[in-house]
Structures are given as C-alpha cells and as structure tokens.
Amino acid sequence: MKGYIANIEEVTKENNNFRKVLYTGKNSQLVVMSINPGEEIGAEVHKLDQFIRIEEGEGSVILDGVEHVIKDGYAVVIPAGTNHNVLNSSNKVMKLYSIYSPAEHKDGIIHVTKTDALNDHDDHFDGKTTE
C-alpha cells in the first residue's frame, strides 16, 4: 500500500511510547509521542518545519522563549530554526502526533522512554523511507 491511512486520533491515544515513527515519506514523516506527567520533550531546534497536534493532555509549548498554553485539540506549527520545547504540566500523559517536513528520525524508530531517545545518538533520518 502507498501512503499511510489510519484514525490518527485513535493511534495517537493508544501509543504509550515516548516516540514512535509511523510513516516516513520522501518529504515528510508522521510520528506519535507520549509525554509523561512533568516530562518535556527537551529544548531543540530543527532545520525543518514541524506540525504538532495535541490529542490528549495539557501543558505548554515554548517557541523562541515565548510560552503558550496547549491542550487537547491544539495545533502548533514550528518553523525551521525555532527553538522549541513541549512540556506536560498535567497529571496525565500527554498524547500528540507530529509531522516533520522533511523527516527527522529513522523510519520505524521506537523509543519507549525519553531516556531511550536521549541515549540513541543514531536516530536521525538516514534517507530510507517506509516505501
């Protein structure tokens, strides 16, 4: 099958991994994430554009030092070069999906925990797509 078709809200809410790459195309990548209470993604800057949609939970996103409250139903567009972080300030897991344009991570990568993600120094996109 070409492409990726699924109920993204269900897939996102069912995901219990810190990061899971669902699909990698030539020009974009779909990733789901679970951020535990009190946890954050960690401040980062990409050389690509990123879209984030919160499906469950609440917290904040910081874009170039400006903090914004977010919760389920919110979307965030992060232009390339923007220093950003997503923080879960609630007492339940934050569930989100992200679209990177172009891809950021190796296809099929699963990081069960944030520690796994931090310890994986070889997870950056290597040019291999899902198809």
# chains A, B, ... in the order shown; residues from 1 in each chain; ligands from 1
call {"tool": "residues_around", "arguments": {"residues": "range 86-102 of chain A", "least_positions_apart": "6", "cutoff": "9 Å", "atoms": "only C-alpha atoms", "output": "ChimeraX atom specification"}}
result
/A:8-9,12-16,24-43,48-62,71-72
call {"tool": "residues_around", "arguments": {"residues": "Asn83 in chain A", "least_positions_apart": "4", "cutoff": "9 Å", "atoms": "only C-alpha atoms", "output": "PyMOL selection string"}}
result
chain A and resi 43-46+62-65+78
call {"tool": "write_last_selection", "arguments": {"atoms": "N, CA and C atoms", "output": "PDB file, in the first residue's frame"}}
result
ATOM      1  N   ALA A  43      14.316  21.158  24.989  1.00  0.00           N
ATOM      2  CA  ALA A  43      14.518  22.251  24.040  1.00  0.00           C
ATOM      3  C   ALA A  43      15.344  21.764  22.856  1.00  0.00           C
ATOM      4  N   GLU A  44      14.893  22.128  21.656  1.00  0.00           N
ATOM      5  CA  GLU A  44      15.579  21.709  20.439  1.00  0.00           C
ATOM      6  C   GLU A  44      15.293  22.692  19.317  1.00  0.00           C
ATOM      7  N   VAL A  45      16.141  22.642  18.296  1.00  0.00           N
ATOM      8  CA  VAL A  45      15.986  23.444  17.093  1.00  0.00           C
ATOM      9  C   VAL A  45      16.183  22.510  15.916  1.00  0.00           C
ATOM     10  N   HIS A  46      15.250  22.533  14.961  1.00  0.00           N
ATOM     11  CA  HIS A  46      15.360  21.703  13.759  1.00  0.00           C
ATOM     12  C   HIS A  46      15.622  22.578  12.540  1.00  0.00           C
ATOM     13  N   ILE A  62       6.920  26.109  24.187  1.00  0.00           N
ATOM     14  CA  ILE A  62       7.737  27.320  24.209  1.00  0.00           C
ATOM     15  C   ILE A  62       8.369  27.465  22.834  1.00  0.00           C
ATOM     16  N   LEU A  63       8.097  28.601  22.183  1.00  0.00           N
ATOM     17  CA  LEU A  63       8.649  28.898  20.865  1.00  0.00           C
ATOM     18  C   LEU A  63       9.505  30.152  20.979  1.00  0.00           C
ATOM     19  N   ASP A  64      10.813  29.986  20.780  1.00  0.00           N
ATOM     20  CA  ASP A  64      11.757  31.106  20.894  1.00  0.00           C
ATOM     21  C   ASP A  64      11.526  31.922  22.162  1.00  0.00           C
ATOM     22  N   GLY A  65      11.363  31.222  23.292  1.00  0.00           N
ATOM     23  CA  GLY A  65      11.256  31.862  24.596  1.00  0.00           C
ATOM     24  C   GLY A  65       9.866  32.308  25.000  1.00  0.00           C
ATOM     25  N   ILE A  78       5.733  24.809  13.963  1.00  0.00           N
ATOM     26  CA  ILE A  78       7.056  25.250  14.390  1.00  0.00           C
ATOM     27  C   ILE A  78       7.939  25.404  13.145  1.00  0.00           C
TER      28      ILE A  78
END
call {"tool": "select_by_dssp", "arguments": {"residues": "range 44-88 of chain A", "states": "strand (DSSP E or B)", "output": "ChimeraX atom specification"}}
result
/A:44,49-56,58-63,66-71,75-78,84-88
call {"tool": "select_by_dssp", "arguments": {"residues": "chain A", "states": "helix (DSSP H, G or I)", "output": "PyMOL selection string"}}
result
chain A and resi 8-14+114-119
call {"tool": "atom_distance", "arguments": {"atom1": "CA of Asn7 in chain A", "atom2": "CA of Leu22 in chain A"}}
result
12.3 Å
call {"tool": "closest_residue", "arguments": {"among": "A:Ala103, A:Ile70, A:Val11, A:Leu118", "to": "Thr130 in chain A", "atoms": "only C-alpha atoms"}}
result
A:Ala103
